[in-house]
Amino acid sequence: MAKLNNQTGITIYTTDYCPYCHAAKALLRSRGLEYNEIDVTQDQAKRQEMMERSGRRTVPQVFFGDNHIGGNDDLQTYVRNVVDVAEVEKAAA
Ligand SMILES: N[C@@H](CCC(=O)N[C@@H](CS)C(=O)NCC(=O)O)C(=O)O
């Protein structure tokens, strides 16, 4: 499994006043991961782009490169699993 800190080009589609968006961004920041935020609150074209790329209508939607991770709940699970694998590998080394 890929190491989290090797992931590049993180994109997160968000809107204002969205607690799940804030939670997802806080998690990325807590891991030292930079991201490109696309605020679709007033931007219908970008919202359409998000829906086409993800097949979903809710925000946030997170991509690592072109790889669709999902919403905040998916991101939380993904990050936890990657970190767990890294820790297991370290312990086993
Ligand atoms: N389980 C989703 C929940 C996302 C969610 O409900 N987002 C709200 C905004 S905070 C939303 O997009 N609501 C609009 C809708 O449901 O169409 C996640 O973890 O990302």
# chains A, B, ... in the order shown; residues from 1 in each chain; ligands from 1

call {"tool": "select_by_dssp", "arguments": {"residues": "chain A", "states": "alpha helix (DSSP H)", "output": "mmCIF file with C-alpha atoms, in the first residue's frame"}}
result
data_model
loop_
_atom_site.group_PDB
_atom_site.id
_atom_site.type_symbol
_atom_site.label_atom_id
_atom_site.label_comp_id
_atom_site.auth_asym_id
_atom_site.auth_seq_id
_atom_site.Cartn_x
_atom_site.Cartn_y
_atom_site.Cartn_z
ATOM 1 C CA PRO A 19 -18.391 20.536 8.891
ATOM 2 C CA TYR A 20 -17.270 17.430 6.980
ATOM 3 C CA CYS A 21 -15.089 19.615 4.757
ATOM 4 C CA HIS A 22 -13.473 21.221 7.796
ATOM 5 C CA ALA A 23 -12.886 17.801 9.358
ATOM 6 C CA ALA A 24 -11.292 16.455 6.178
ATOM 7 C CA LYS A 25 -8.997 19.483 5.812
ATOM 8 C CA ALA A 26 -8.035 19.315 9.483
ATOM 9 C CA LEU A 27 -7.063 15.667 9.070
ATOM 10 C CA LEU A 28 -4.899 16.404 6.034
ATOM 11 C CA ARG A 29 -3.213 19.288 7.839
ATOM 12 C CA SER A 30 -2.649 17.146 10.928
ATOM 13 C CA GLN A 44 -21.401 25.444 -10.715
ATOM 14 C CA ALA A 45 -18.802 24.425 -13.307
ATOM 15 C CA LYS A 46 -16.453 23.101 -10.643
ATOM 16 C CA ARG A 47 -19.356 21.430 -8.836
ATOM 17 C CA GLN A 48 -20.235 19.673 -12.095
ATOM 18 C CA GLU A 49 -16.592 18.660 -12.514
ATOM 19 C CA MET A 50 -16.631 17.214 -8.976
ATOM 20 C CA MET A 51 -19.787 15.218 -9.677
ATOM 21 C CA GLU A 52 -18.408 13.865 -12.948
ATOM 22 C CA ARG A 53 -15.067 12.880 -11.416
ATOM 23 C CA SER A 54 -16.526 11.330 -8.255
ATOM 24 C CA ASN A 72 -14.700 12.755 4.748
ATOM 25 C CA ASP A 73 -15.623 9.364 6.195
ATOM 26 C CA ASP A 74 -13.725 7.588 3.413
ATOM 27 C CA LEU A 75 -10.716 9.856 3.928
ATOM 28 C CA GLN A 76 -10.670 9.200 7.668
ATOM 29 C CA THR A 77 -10.699 5.435 7.035
ATOM 30 C CA TYR A 78 -8.107 5.654 4.271
ATOM 31 C CA VAL A 79 -5.659 7.693 6.322
ATOM 32 C CA ARG A 80 -6.112 5.477 9.370
ATOM 33 C CA ASN A 81 -5.449 2.319 7.318
ATOM 34 C CA VAL A 82 -2.387 3.750 5.597
ATOM 35 C CA VAL A 83 -0.957 4.897 8.900
ATOM 36 C CA ASP A 84 -1.670 1.499 10.432
ATOM 37 C CA VAL A 85 0.157 -0.281 7.597
ATOM 38 C CA ALA A 86 3.135 2.057 7.943
ATOM 39 C CA GLU A 87 3.297 1.412 11.666
ATOM 40 C CA VAL A 88 3.047 -2.349 11.213
ATOM 41 C CA GLU A 89 5.835 -2.270 8.634
ATOM 42 C CA LYS A 90 7.996 -0.223 10.968
ATOM 43 C CA ALA A 91 7.396 -2.575 13.877
ATOM 44 C CA ALA A 92 8.207 -5.575 11.687
#

call {"tool": "residues_around", "arguments": {"residues": "A:Gly9", "least_positions_apart": "2", "cutoff": "7 Å", "atoms": "only C-alpha atoms", "output": "list of chain:residue names"}}
result
A:Gln7, A:Thr11, A:Tyr35, A:Phe64, A:Gly65

call {"tool": "write_last_selection", "arguments": {"atoms": "C-alpha atoms", "output": "compact mmCIF listing (two decimals), in the first residue's frame"}}
result
# COMPACT_ATOMS: atom_id res chain seq x y z
CA GLN A 7 0.99 10.96 -2.15
CA THR A 11 -7.44 17.89 -4.30
CA TYR A 35 -3.90 20.12 -0.63
CA PHE A 64 -5.05 11.83 -4.35
CA GLY A 65 -3.88 12.51 -7.86

call {"tool": "atom_distance", "arguments": {"atom1": "atom CA of A:Gln61", "atom2": "atom CA of A:Glu37"}}
result
10.2 Å

call {"tool": "atom_distance", "arguments": {"atom1": "atom CA of A:Asn67", "atom2": "atom CA of A:Ala93"}}
result
28.8 Å
